[in-house]
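Participant: Contents are compact mmCIF, C-alpha atoms; file name data_10.txt:
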# COMPACT_ATOMS: atom_id res chain seq x y z
CA MET I 11 -3.48 -23.03 -14.05
CA VAL I 12 -4.99 -22.07 -10.70
CA ALA I 13 -6.29 -18.50 -10.58
CA LYS I 14 -4.34 -16.27 -8.22
CA VAL I 15 -7.38 -14.87 -6.45
CA GLN I 16 -7.18 -13.05 -3.15
CA VAL I 17 -10.30 -11.84 -1.39
CA LEU I 18 -9.63 -8.74 0.69
CA PRO I 19 -12.49 -8.05 3.10
CA SER I 20 -13.89 -4.61 3.65
CA SER I 21 -12.64 -3.08 6.86
CA THR I 22 -15.81 -4.25 8.62
CA PRO I 23 -16.87 -7.90 8.34
CA ALA I 24 -18.83 -8.59 5.16
CA PRO I 25 -22.50 -9.31 5.98
CA LYS I 26 -24.01 -12.67 5.11
CA ALA I 27 -26.07 -12.80 1.94
CA ALA I 28 -29.28 -13.29 3.89
CA VAL I 29 -29.01 -9.96 5.67
CA PRO I 30 -31.50 -7.44 4.18
CA THR I 31 -30.05 -4.52 2.22
CA ARG I 32 -31.46 -1.91 4.58
CA ARG I 33 -29.67 -3.62 7.45
CA LEU I 34 -26.40 -3.58 5.53
CA ARG I 35 -26.69 0.16 5.11
CA SER I 36 -27.30 0.64 8.85
CA LEU I 37 -24.34 -1.35 10.19
CA ASP I 38 -22.03 1.66 10.43
CA LYS I 39 -24.78 3.75 12.01
CA GLN I 40 -25.42 1.06 14.65
CA LEU I 41 -21.73 0.83 15.55
CA LEU I 42 -21.40 4.60 15.70
CA MET I 43 -24.48 4.93 17.93
CA GLN I 44 -23.14 2.23 20.24
CA ARG I 45 -19.90 4.16 20.65
CA LYS I 46 -21.72 7.44 21.29
CA THR I 47 -24.11 5.77 23.79
CA SER I 48 -21.16 4.24 25.62
CA LEU I 49 -19.48 7.63 25.86
CA LEU I 50 -22.71 9.25 27.03
CA ASN I 51 -23.33 6.63 29.74
CA SER I 52 -19.77 6.92 31.01
CA THR I 53 -20.07 10.67 31.46
CA VAL I 54 -23.63 10.95 32.78
CA SER I 55 -22.65 9.07 35.96
CA ASN I 56 -20.30 11.91 36.87
CA SER I 57 -22.17 15.20 36.60
CA GLU I 58 -18.95 17.19 37.03
CA THR I 59 -17.41 15.65 33.90
CA PRO I 60 -18.32 17.42 30.65
CA LEU I 61 -20.10 15.22 28.12
CA THR I 62 -17.40 16.08 25.57
CA ALA I 63 -14.49 15.03 27.79
CA ASP I 64 -13.84 11.72 26.02
CA LEU I 65 -14.54 12.93 22.50
CA ASN I 66 -11.89 13.32 19.83
CA GLY I 67 -11.81 13.71 16.07
CA THR I 68 -12.16 9.99 15.41
CA THR I 69 -15.33 9.69 17.52
CA PHE I 70 -17.47 10.85 14.62
CA LEU I 71 -15.84 8.82 11.84
CA ARG I 72 -17.47 5.78 10.29
CA PRO I 73 -15.88 2.83 12.14
CA HIS I 74 -14.49 1.06 9.08
CA LEU I 75 -12.53 4.18 8.07
CA LEU I 76 -10.45 3.96 11.24
CA GLN I 77 -8.84 0.79 9.89
CA LEU I 78 -7.76 2.22 6.54
CA ALA I 79 -4.10 2.65 5.75
CA PRO I 80 -3.42 6.30 4.86
CA TYR I 81 -2.91 7.18 1.21
CA THR I 82 0.50 8.73 0.53
CA PRO I 83 0.38 11.13 -2.44
CA ILE I 84 3.28 12.35 -4.55
CA GLU I 85 4.97 15.41 -3.05
CA PRO I 86 4.48 18.63 -5.09
CA PHE I 87 7.26 20.87 -6.35
CA GLU I 88 7.06 23.43 -3.56
CA VAL I 89 7.30 20.74 -0.87
CA LEU I 90 10.18 18.99 -2.65
CA SER I 91 11.99 22.30 -3.06
CA GLN I 92 11.92 22.94 0.69
CA LYS I 93 12.70 19.32 1.55
CA LEU I 94 15.71 19.02 -0.76
CA GLY I 95 16.95 22.57 -0.39
CA ARG I 96 16.93 23.01 -4.16
CA ALA I 97 15.16 25.49 -6.41
CA PRO I 98 12.25 23.91 -8.35
CA GLU I 99 14.08 24.32 -11.66
CA GLU I 100 16.97 22.25 -10.23
CA ILE I 101 14.73 19.24 -9.53
CA VAL I 102 14.26 16.54 -12.17
CA LYS I 103 10.75 15.33 -11.31
CA LEU I 104 10.19 11.92 -12.90
CA ASP I 105 7.98 10.33 -10.22
CA ALA I 106 4.38 11.24 -11.14
CA ASN I 107 4.09 10.75 -14.94
CA GLU I 108 3.47 14.45 -15.56
CA ASN I 109 3.98 15.96 -19.02
CA PRO I 110 7.21 18.01 -18.85
CA TYR I 111 6.30 20.13 -21.89
CA GLY I 112 3.25 21.68 -20.28
CA PRO I 113 -0.08 22.46 -21.94
CA PRO I 114 -0.62 24.33 -25.22
CA PRO I 115 -0.02 28.11 -25.01
CA GLU I 116 -3.76 28.67 -25.46
CA VAL I 117 -4.33 27.28 -21.97
CA ARG I 118 -2.46 30.05 -20.14
CA GLU I 119 -4.25 32.64 -22.25
CA ALA I 120 -7.62 31.06 -21.53
CA LEU I 121 -6.97 30.90 -17.79
CA GLY I 122 -5.98 34.56 -17.82
CA ASN I 123 -9.14 35.57 -19.66
CA VAL I 124 -11.81 33.86 -17.57
CA ARG I 125 -14.71 36.32 -17.76
CA PHE I 126 -16.72 35.29 -14.72
CA PRO I 127 -14.43 33.73 -12.05
CA HIS I 128 -16.97 34.69 -9.36
CA ILE I 129 -19.79 32.73 -11.02
CA TYR I 130 -20.27 28.96 -10.72
CA PRO I 131 -19.36 27.16 -13.98
CA ASP I 132 -21.83 25.18 -16.05
CA PRO I 133 -22.55 22.07 -13.92
CA GLU I 134 -23.15 20.04 -17.08
CA SER I 135 -19.84 21.13 -18.69
CA ARG I 136 -21.64 21.46 -22.02
CA ALA I 137 -18.89 23.34 -23.87
CA LEU I 138 -16.22 20.87 -22.78
CA ARG I 139 -18.38 17.84 -23.50
CA ALA I 140 -19.09 19.17 -27.00
CA ALA I 141 -15.35 19.62 -27.59
CA LEU I 142 -14.64 16.13 -26.24
CA SER I 143 -17.37 14.70 -28.44
CA GLU I 144 -15.72 16.16 -31.53
CA TRP I 145 -12.26 15.05 -30.35
CA ALA I 146 -13.23 11.45 -29.54
CA GLY I 147 -16.04 10.91 -32.04
CA VAL I 148 -18.50 9.93 -29.30
CA PRO I 149 -21.88 11.66 -28.78
CA MET I 150 -21.69 14.13 -25.90
CA GLU I 151 -24.65 12.44 -24.20
CA HIS I 152 -22.24 9.66 -23.22
CA ILE I 153 -19.65 12.02 -21.67
CA LEU I 154 -19.32 13.04 -18.03
CA VAL I 155 -16.65 15.44 -16.72
CA GLY I 156 -15.16 15.33 -13.23
CA CYS I 157 -12.44 16.90 -11.08
CA GLY I 158 -9.88 14.40 -12.28
CA ALA I 159 -10.48 10.75 -13.14
CA ASP I 160 -10.12 9.94 -9.42
CA GLU I 161 -13.42 11.69 -8.72
CA LEU I 162 -15.14 9.61 -11.39
CA ILE I 163 -13.72 6.38 -9.93
CA ASP I 164 -15.13 7.28 -6.52
CA LEU I 165 -18.42 8.42 -8.06
CA ILE I 166 -18.85 5.09 -9.86
CA MET I 167 -18.31 3.19 -6.62
CA ARG I 168 -20.72 5.36 -4.64
CA CYS I 169 -23.41 4.88 -7.28
CA VAL I 170 -22.92 1.15 -7.82
CA LEU I 171 -21.75 -0.38 -4.54
CA ASP I 172 -23.61 -1.12 -1.33
CA PRO I 173 -21.54 -1.82 1.82
CA GLY I 174 -20.18 -5.34 1.57
CA ASP I 175 -20.34 -5.46 -2.25
CA ALA I 176 -17.16 -6.34 -4.11
CA ILE I 177 -14.94 -4.96 -6.84
CA LEU I 178 -12.43 -6.98 -8.83
CA ASN I 179 -8.90 -5.57 -8.98
CA CYS I 180 -5.85 -6.78 -10.93
CA PRO I 181 -2.70 -5.80 -9.02
CA PRO I 182 -0.09 -4.56 -9.45
CA THR I 183 -2.07 -1.61 -10.81
CA PHE I 184 -3.25 1.91 -9.96
CA GLY I 185 -3.74 2.04 -6.19
CA MET I 186 -6.86 4.23 -6.08
CA TYR I 187 -9.20 1.38 -7.05
CA SER I 188 -8.58 -0.61 -3.87
CA PHE I 189 -8.29 2.55 -1.74
CA ASP I 190 -11.63 3.96 -2.92
CA ALA I 191 -13.24 0.55 -2.46
CA ALA I 192 -12.11 0.51 1.17
CA VAL I 193 -13.44 4.04 1.70
CA ASN I 194 -16.79 2.86 0.32
CA ASP I 195 -16.75 -0.21 2.60
CA ALA I 196 -16.50 -2.65 -0.30
CA ARG I 197 -14.61 -5.91 -0.54
CA VAL I 198 -11.71 -6.24 -2.99
CA ILE I 199 -11.34 -9.43 -5.03
CA SER I 200 -7.75 -9.44 -6.29
CA VAL I 201 -6.68 -11.47 -9.32
CA THR I 202 -2.94 -10.98 -9.46
CA ARG I 203 -1.34 -10.30 -12.82
CA ASN I 204 1.07 -12.75 -14.38
CA PRO I 205 4.83 -12.28 -13.77
CA ASP I 206 5.08 -10.31 -17.04
CA PHE I 207 2.20 -8.05 -15.80
CA SER I 208 -0.25 -9.41 -18.36
CA LEU I 209 -3.82 -10.07 -17.21
CA ASP I 210 -4.84 -13.46 -15.89
CA VAL I 211 -8.11 -13.42 -17.82
CA ASP I 212 -8.97 -17.02 -16.93
CA GLY I 213 -8.57 -16.04 -13.27
CA ILE I 214 -10.83 -13.03 -13.79
CA VAL I 215 -13.53 -15.22 -15.33
CA ARG I 216 -13.40 -17.68 -12.43
CA ALA I 217 -13.37 -14.91 -9.83
CA VAL I 218 -16.45 -13.24 -11.33
CA LYS I 219 -18.33 -16.55 -11.31
CA GLU I 220 -17.28 -17.37 -7.73
CA HIS I 221 -17.48 -13.98 -6.00
CA SER I 222 -19.96 -11.96 -8.15
CA PRO I 223 -18.20 -8.58 -7.97
CA LYS I 224 -20.20 -5.65 -9.29
CA VAL I 225 -17.28 -3.82 -10.93
CA VAL I 226 -13.94 -4.81 -12.44
CA PHE I 227 -11.28 -2.13 -12.92
CA LEU I 228 -8.81 -2.51 -15.80
CA THR I 229 -6.03 -0.11 -16.76
CA SER I 230 -4.59 -0.03 -20.27
CA PRO I 231 -1.78 0.91 -20.50
CA ASN I 232 -1.39 -0.42 -16.98
CA ASN I 233 0.18 1.69 -14.25
CA PRO I 234 2.95 1.10 -13.17
CA ASP I 235 4.33 -1.21 -15.89
CA GLY I 236 2.87 0.42 -19.03
CA GLY I 237 1.64 -2.80 -20.64
CA MET I 238 -1.43 -2.95 -22.90
CA MET I 239 -4.30 -5.40 -22.76
CA SER I 240 -5.41 -6.92 -26.04
CA GLU I 241 -8.79 -6.47 -27.69
CA GLU I 242 -9.45 -10.19 -27.23
CA GLU I 243 -8.82 -9.93 -23.47
CA LEU I 244 -11.14 -6.95 -23.14
CA LEU I 245 -13.91 -8.68 -25.09
CA ARG I 246 -13.69 -11.74 -22.84
CA VAL I 247 -14.11 -9.59 -19.74
CA LEU I 248 -16.96 -7.62 -21.33
CA ASP I 249 -18.85 -10.86 -21.86
CA LEU I 250 -19.05 -11.30 -18.07
CA PRO I 251 -22.02 -10.04 -15.98
CA VAL I 252 -20.06 -7.20 -14.41
CA LEU I 253 -19.50 -3.47 -14.98
CA VAL I 254 -16.11 -3.02 -16.67
CA VAL I 255 -14.31 0.26 -15.98
CA LEU I 256 -11.46 0.71 -18.46
CA ASP I 257 -8.98 3.37 -17.35
CA GLU I 258 -7.25 4.84 -20.41
CA ALA I 259 -5.26 7.58 -18.67
CA TYR I 260 -2.16 6.81 -20.77
CA VAL I 261 -3.68 5.50 -23.99
CA GLU I 262 -2.53 8.52 -26.04
CA PHE I 263 1.08 7.36 -25.64
CA SER I 264 0.36 3.95 -27.17
CA GLU I 265 -0.34 2.89 -30.71
CA ALA I 266 -3.60 1.22 -29.67
CA PRO I 267 -6.95 2.93 -30.30
CA SER I 268 -9.21 4.09 -27.50
CA ARG I 269 -12.26 1.96 -26.77
CA ALA I 270 -14.40 5.00 -25.90
CA ALA I 271 -16.68 4.49 -28.90
CA TRP I 272 -17.59 1.03 -27.62
CA VAL I 273 -19.77 2.45 -24.83
CA ALA I 274 -22.58 3.10 -27.32
CA SER I 275 -22.99 -0.63 -27.90
CA ARG I 276 -21.66 -2.07 -24.63
CA PRO I 277 -24.02 -1.41 -21.70
CA ASN I 278 -21.49 -2.69 -19.15
CA LEU I 279 -18.50 -0.59 -20.29
CA VAL I 280 -17.19 2.69 -18.86
CA VAL I 281 -14.03 4.29 -20.30
CA LEU I 282 -12.12 6.87 -18.24
CA ARG I 283 -9.67 9.47 -19.56
CA THR I 284 -7.76 12.42 -18.13
CA PHE I 285 -6.29 15.78 -19.10
CA SER I 286 -3.40 15.27 -16.66
CA LYS I 287 -1.08 13.31 -18.96
CA MET I 288 -0.83 14.17 -22.67
CA ALA I 289 -2.73 17.45 -22.28
CA ALA I 290 -0.49 18.41 -19.32
CA LEU I 291 -3.27 19.79 -17.13
CA ALA I 292 -2.45 17.82 -13.97
CA GLY I 293 -2.57 21.04 -11.96
CA VAL I 294 -6.11 21.84 -13.11
CA ARG I 295 -7.64 18.43 -12.28
CA VAL I 296 -9.94 17.56 -15.18
CA GLY I 297 -10.98 14.01 -15.95
CA TYR I 298 -13.77 12.65 -18.10
CA GLY I 299 -15.50 9.40 -18.84
CA PHE I 300 -17.62 7.75 -21.50
CA PHE I 301 -20.66 6.05 -19.97
CA PRO I 302 -23.67 4.03 -21.13
CA LEU I 303 -26.70 6.30 -21.47
CA ASP I 304 -28.69 4.30 -18.93
CA MET I 305 -26.02 4.97 -16.30
CA ILE I 306 -24.93 8.54 -16.97
CA GLN I 307 -28.28 10.05 -16.00
CA TYR I 308 -27.59 8.93 -12.44
CA LEU I 309 -24.03 10.23 -12.25
CA TRP I 310 -24.63 13.89 -12.78
CA ALA I 311 -11.90 23.28 -14.79
CA GLU I 312 -13.84 23.51 -18.11
CA VAL I 313 -12.23 26.63 -19.79
CA ALA I 314 -8.63 25.36 -19.71
CA ALA I 315 -9.63 21.92 -20.93
CA CYS I 316 -11.50 23.36 -23.93
CA ALA I 317 -8.45 25.46 -24.79
CA ALA I 318 -6.21 22.40 -24.62
CA LEU I 319 -8.42 20.57 -27.09
CA SER I 320 -8.30 23.48 -29.53
CA ASN I 321 -4.62 22.92 -30.38
CA LYS I 322 -4.52 19.31 -31.54
CA ALA I 323 -1.29 19.85 -33.48
CA TYR I 324 0.53 20.89 -30.30
CA LEU I 325 -0.71 17.84 -28.38
CA LEU I 326 0.28 15.44 -31.15
CA ASP I 327 3.72 17.06 -31.38
CA VAL I 328 4.24 16.65 -27.63
CA LYS I 329 3.12 13.03 -27.86
CA ALA I 330 5.65 12.35 -30.62
CA ARG I 331 8.45 13.94 -28.58
CA LEU I 332 7.61 11.93 -25.48
CA VAL I 333 7.31 8.64 -27.36
CA GLU I 334 10.67 9.26 -29.05
CA GLU I 335 12.26 10.13 -25.72
CA ARG I 336 10.63 7.12 -24.06
CA ASP I 337 12.28 4.80 -26.56
CA ARG I 338 15.66 6.52 -26.10
CA LEU I 339 15.39 6.32 -22.32
CA HIS I 340 14.42 2.65 -22.46
CA LYS I 341 17.56 1.83 -24.46
CA LEU I 342 19.73 3.83 -22.06
CA LEU I 343 18.24 2.10 -19.02
CA GLN I 344 18.96 -1.28 -20.59
CA GLY I 345 22.64 -0.35 -20.32
CA VAL I 346 22.48 0.22 -16.55
CA ASP I 347 23.80 -2.90 -14.81
CA PHE I 348 21.43 -2.75 -11.82
CA LEU I 349 18.24 -1.95 -13.77
CA GLU I 350 15.95 -4.17 -15.84
CA PRO I 351 13.39 -1.99 -17.70
CA TYR I 352 10.07 -3.55 -18.72
CA PRO I 353 8.42 -2.91 -22.12
CA THR I 354 5.99 0.01 -22.00
CA SER I 355 3.30 1.74 -24.06
CA SER I 356 2.93 4.77 -21.79
CA ASN I 357 4.94 7.81 -20.69
CA PHE I 358 6.78 5.94 -17.93
CA ILE I 359 9.10 2.95 -17.57
CA LEU I 360 9.03 0.38 -14.77
CA CYS I 361 12.42 -1.05 -13.82
CA LYS I 362 13.45 -3.99 -11.65
CA VAL I 363 16.28 -2.90 -9.35
CA THR I 364 19.16 -5.06 -8.19
CA GLY I 365 20.20 -3.93 -4.74
CA GLY I 366 17.11 -2.12 -3.44
CA ALA I 367 14.59 0.28 -4.97
CA LEU I 368 14.23 2.50 -1.91
CA ALA I 369 17.98 2.97 -1.61
CA LEU I 370 18.15 3.91 -5.30
CA LYS I 371 15.27 6.37 -4.94
CA GLN I 372 16.99 8.05 -1.98
CA ALA I 373 20.33 8.18 -3.78
CA LEU I 374 18.70 9.82 -6.80
CA MET I 375 16.77 12.22 -4.57
CA GLU I 376 20.05 13.43 -3.06
CA ARG I 377 21.08 14.30 -6.62
CA GLY I 378 17.84 16.18 -7.29
CA VAL I 379 16.16 13.45 -9.37
CA MET I 380 12.76 12.13 -8.26
CA VAL I 381 11.48 8.66 -9.18
CA ARG I 382 8.75 6.45 -7.71
CA HIS I 383 9.69 3.26 -5.84
CA TYR I 384 7.53 0.25 -4.96
CA ALA I 385 7.61 -2.53 -2.38
CA SER I 386 4.11 -3.99 -2.78
CA PRO I 387 3.53 -7.61 -3.88
CA GLY I 388 4.52 -8.11 -7.50
CA LEU I 389 6.49 -4.86 -7.53
CA GLU I 390 9.20 -5.65 -4.99
CA ASN I 391 12.38 -3.69 -5.71
CA CYS I 392 10.89 -1.75 -8.61
CA VAL I 393 11.11 1.92 -9.56
CA ARG I 394 8.94 3.80 -12.03
CA ILE I 395 10.58 6.54 -14.07
CA SER I 396 8.44 9.08 -15.90
CA VAL I 397 9.58 10.18 -19.35
CA GLY I 398 10.87 13.75 -19.32
CA LYS I 399 12.58 16.05 -21.78
CA PRO I 400 15.92 14.93 -23.33
CA GLU I 401 17.89 17.13 -20.94
CA GLN I 402 16.07 15.54 -18.00
CA THR I 403 16.94 12.09 -19.31
CA ASP I 404 20.59 13.15 -19.48
CA LEU I 405 20.50 14.38 -15.87
CA LEU I 406 18.86 11.13 -14.79
CA MET I 407 21.51 9.03 -16.50
CA ALA I 408 24.28 11.12 -14.95
CA ALA I 409 22.71 10.63 -11.53
CA LEU I 410 22.39 6.87 -12.10
CA ALA I 411 26.07 6.72 -13.06
CA GLY I 412 26.92 8.19 -9.66
CA CYS I 413 24.81 5.72 -7.68
Could you show the structure in this file as C-alpha cells?
Facilitator:
Amino acid sequence: MVAKVQVLPSSTPAPKAAVPTRRLRSLDKQLLMQRKTSLLNSTVSNSETPLTADLNGTTFLRPHLLQLAPYTPIEPFEVLSQKLGRAPEEIVKLDANENPYGPPPEVREALGNVRFPHIYPDPESRALRAALSEWAGVPMEHILVGCGADELIDLIMRCVLDPGDAILNCPPTFGMYSFDAAVNDARVISVTRNPDFSLDVDGIVRAVKEHSPKVVFLTSPNNPDGGMMSEEELLRVLDLPVLVVLDEAYVEFSEAPSRAAWVASRPNLVVLRTFSKMAALAGVRVGYGFFPLDMIQYLWAEVAACAALSNKAYLLDVKARLVEERDRLHKLLQGVDFLEPYPTSSNFILCKVTGGALALKQALMERGVMVRHYASPGLENCVRISVGKPEQTDLLMAALAGC
C-alpha cells in the first residue's frame, strides 16, 4: 500500500538544507526590512508625504503570517443567543464537546473564595501539579500546566521547531496542530488516515524516514471521529526518531488507560491532557502535559483546577452518565435515515450525512440545536455531535425529525 503522504509547505518557501540555521532565522527579518525600506524610499522622494502614509496594520506582520487562513472558533453562548434570538437556556449546544453537567460544586466555591486575586499566581503551579501527580500517578517533576492544552501545543512548537522544520500530522484530526505549525513557519507532512479513520502507521514510518519531521502529533481518542489508537500502533511510532505528542483530551471517556506514566521511560513522548472536557472547566482554560525531564526544564487557573480534582467521585459519576448517554445517542442516530454514525470512544459522535452537512447544521440551528459540520478532505458531509444530557438528546432527536 502506498502511503498517503502530502507535504504542505510553510507559507514561505522552505530553505534548502545547506542554508545555515542563522540564515533561516533571519529570512522573515530580511523580507520585512525590504518592505520597510521600499516604503521609506517611496516616501522620502516626496517631502510633503508623511513617512507613515503607506503604512497599515499588516506592514509590521511577519510576511508568512499574511498567507495564513484565519482560524474560525466555536461561537460562545452569548454570541449564539444574540445571533439566534434565543435565550441561552433555549439553545442545545452540541458543537464544542463541552461537558453539559458542569464542574464539581467545589469549583464555584473555590472561585468565590480566592484570597489574593490581585496577586500573580504561582508560576510553577506547584499545588496543582502536586494534585495532578496524585491523580495520575506521575511524579510532579514531569508535569507542566498551561492556559489550555492549545498553549502547550504552541509552546512545544516554539521550543522545538526552527523555521522550515516539519511536523507530521494525521488528518482528519484536531485542526490546531497544522494551524500552529503554520504560525511557527513550519512545514506540515500529512499522512492521511484510512477511510475508517484508523492511523496509517506504515505511512507514518515512511514519512518520518523520507521527510525527517521533528514532531508527530497523535490524538487518541481522535477528534473528530472518536477512534482510539492501539498500544501496538503507539509503540511503533515511539520507536521512530521523532518527538511524539499524544493528545489525550478525551481519554477519560474511553476504556483505554492513559499513557502519561510512559513519559518516565520514553524520552521522546509528551502526553497532553485538559480540564475542559471531563472536568468541565472549558471556561477557565487549564491544560497540562506530562513531559520528559530533559525537556520540561526548557518549557517553563490553578485554584479551580485543584478543586475539581478534589471531588473524584463527582467526576467519575459525570463520566458514567456521559458514556451511558453517548451509547444511547449512538443507537438513536443509527435510526436516522440520513445519518451514519461512526464508532466512538469519546464524548462526541461523528456522522456521515446524506444530503449535505452544512444544510443540516443550518436546519438544526434554526431549531436552536448547535452541531459542528465539516467539509475538509476526509470529512466531507460530516457533522460532529457532542454528547449532552438526556433531555438535550431528546431535543436533538426532535429537531432531526423535523429536518
Participant: Got a sec: who's within 6 Å of range 387-397 of chain I, counting all atoms listed in the file, leaving out chain neighbours fewer than 4 positions off, as a list of chain:residue names?
Facilitator: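 My reading of the contact set: I:Leu104, I:Asp105, I:Asn107, I:Arg336, I:Asn357, I:Phe358, I:Ile359, I:Leu360, I:Cys361, I:Lys362, I:Val363, I:Gly366, I:Ala367, I:Val381, I:Arg382, I:His383.
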Participant: Using all atoms listed in the file, which residues sit within 12 Å of Asp404 in chain I once same-chain residues fewer than 4 positions away are excluded, as JSON, numbers by chain?
Facilitator: {"I": [102, 335, 338, 339, 342, 343, 379, 397, 398, 399, 400, 408, 409, 410, 411]}
Participant: If you measure from CA of Thr354 in chain I to CA of Ala369 in chain I, what distance in Å do you get, rounded to one decimal?
Facilitator: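 We find that CA of Thr354 in chain I and CA of Ala369 in chain I lie 23.8 Å from each other.
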Participant: What is the CA of Glu108 in chain I-CA of Ile153 in chain I distance in Å, reported with one decimal?
Facilitator: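 These two atoms are separated by 24.0 Å.
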Participant: Separation of CA of Glu258 in chain I and CA of Val170 in chain I, in Å?
Facilitator: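 Computing it gives 20.4 Å between the two atoms.
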Participant: Between I:Glu220, I:Lys371, I:Gly174, I:Thr229, which has the minimum distance to Met186 in chain I (counting only C-alpha atoms)?
Facilitator: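 The closest residue to Met186 in chain I is I:Thr229.
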Participant: Select, from I:Ser275, I:Thr403, I:Thr183, I:Ser91, the residue with the minimum atom-to-atom distance to Met375 in chain I, counting only C-alpha atoms.
Facilitator: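 Of all the options, I:Ser91 lies closest to Met375 in chain I.
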Participant: Pick from I:Gly95, I:Ala266, I:Leu325, I:Leu75: nearest to Asn194 in chain I, with all atoms listed in the file counted?
Facilitator: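 With all atoms listed in the file as the atom set, the closest residue is I:Leu75.
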Participant: Which residue is closest to His152 in chain I? Choose from I:Val281, I:Val218, I:Leu368, I:Val296 and count all atoms listed in the file.
Facilitator: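 Under the stated criterion, the closest residue is I:Val281.
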Participant: I'd like to know which of I:Arg377, I:Tyr111, I:Gly297, I:Tyr187 is closest to Ser200 in chain I, using only C-alpha atoms.
Facilitator: I:Tyr187
Participant: Between I:Val280, I:Lys103, I:His74, I:Arg203, which has the minimum distance to Pro173 in chain I (counting only C-alpha atoms)?
Facilitator: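 Ranking I:Val280, I:Lys103, I:His74, I:Arg203 by distance to Pro173 in chain I, first place goes to I:His74.
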Participant: Which residues, written as number ranges by chain, have at least one atom at most 12 Å from Arg276 in chain I, with all atoms listed in the file counted and residues fewer than 2 positions away on the same chain left out?
Facilitator: I: 152, 244-245, 247-255, 269-274, 278-281, 300-305
Participant: Go ahead and dump the residues you just picked, C-alpha atoms, as a PDB file, in the frame of the given file.
Facilitator:
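File produced: result-v7.pdb:
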ATOM      1  CA  HIS I 152     -22.240   9.660 -23.220  1.00  0.00           C
ATOM      2  CA  LEU I 244     -11.140  -6.950 -23.140  1.00  0.00           C
ATOM      3  CA  LEU I 245     -13.910  -8.680 -25.090  1.00  0.00           C
ATOM      4  CA  VAL I 247     -14.110  -9.590 -19.740  1.00  0.00           C
ATOM      5  CA  LEU I 248     -16.960  -7.620 -21.330  1.00  0.00           C
ATOM      6  CA  ASP I 249     -18.850 -10.860 -21.860  1.00  0.00           C
ATOM      7  CA  LEU I 250     -19.050 -11.300 -18.070  1.00  0.00           C
ATOM      8  CA  PRO I 251     -22.020 -10.040 -15.980  1.00  0.00           C
ATOM      9  CA  VAL I 252     -20.060  -7.200 -14.410  1.00  0.00           C
ATOM     10  CA  LEU I 253     -19.500  -3.470 -14.980  1.00  0.00           C
ATOM     11  CA  VAL I 254     -16.110  -3.020 -16.670  1.00  0.00           C
ATOM     12  CA  VAL I 255     -14.310   0.260 -15.980  1.00  0.00           C
ATOM     13  CA  ARG I 269     -12.260   1.960 -26.770  1.00  0.00           C
ATOM     14  CA  ALA I 270     -14.400   5.000 -25.900  1.00  0.00           C
ATOM     15  CA  ALA I 271     -16.680   4.490 -28.900  1.00  0.00           C
ATOM     16  CA  TRP I 272     -17.590   1.030 -27.620  1.00  0.00           C
ATOM     17  CA  VAL I 273     -19.770   2.450 -24.830  1.00  0.00           C
ATOM     18  CA  ALA I 274     -22.580   3.100 -27.320  1.00  0.00           C
ATOM     19  CA  ASN I 278     -21.490  -2.690 -19.150  1.00  0.00           C
ATOM     20  CA  LEU I 279     -18.500  -0.590 -20.290  1.00  0.00           C
ATOM     21  CA  VAL I 280     -17.190   2.690 -18.860  1.00  0.00           C
ATOM     22  CA  VAL I 281     -14.030   4.290 -20.300  1.00  0.00           C
ATOM     23  CA  PHE I 300     -17.620   7.750 -21.500  1.00  0.00           C
ATOM     24  CA  PHE I 301     -20.660   6.050 -19.970  1.00  0.00           C
ATOM     25  CA  PRO I 302     -23.670   4.030 -21.130  1.00  0.00           C
ATOM     26  CA  LEU I 303     -26.700   6.300 -21.470  1.00  0.00           C
ATOM     27  CA  ASP I 304     -28.690   4.300 -18.930  1.00  0.00           C
ATOM     28  CA  MET I 305     -26.020   4.970 -16.300  1.00  0.00           C
TER      29      MET I 305
END
Participant: As AutoDock Vina command-line options, please: the centre and edge lengths in Å, to one decimal, of an axis-aligned box enclosing every listed atom of range 245-263 of chain I with 5 Å added on each side.
Facilitator:
--center_x -10.5 --center_y -1.6 --center_z -20.2 --size_x 33.1 --size_y 30.3 --size_z 21.6
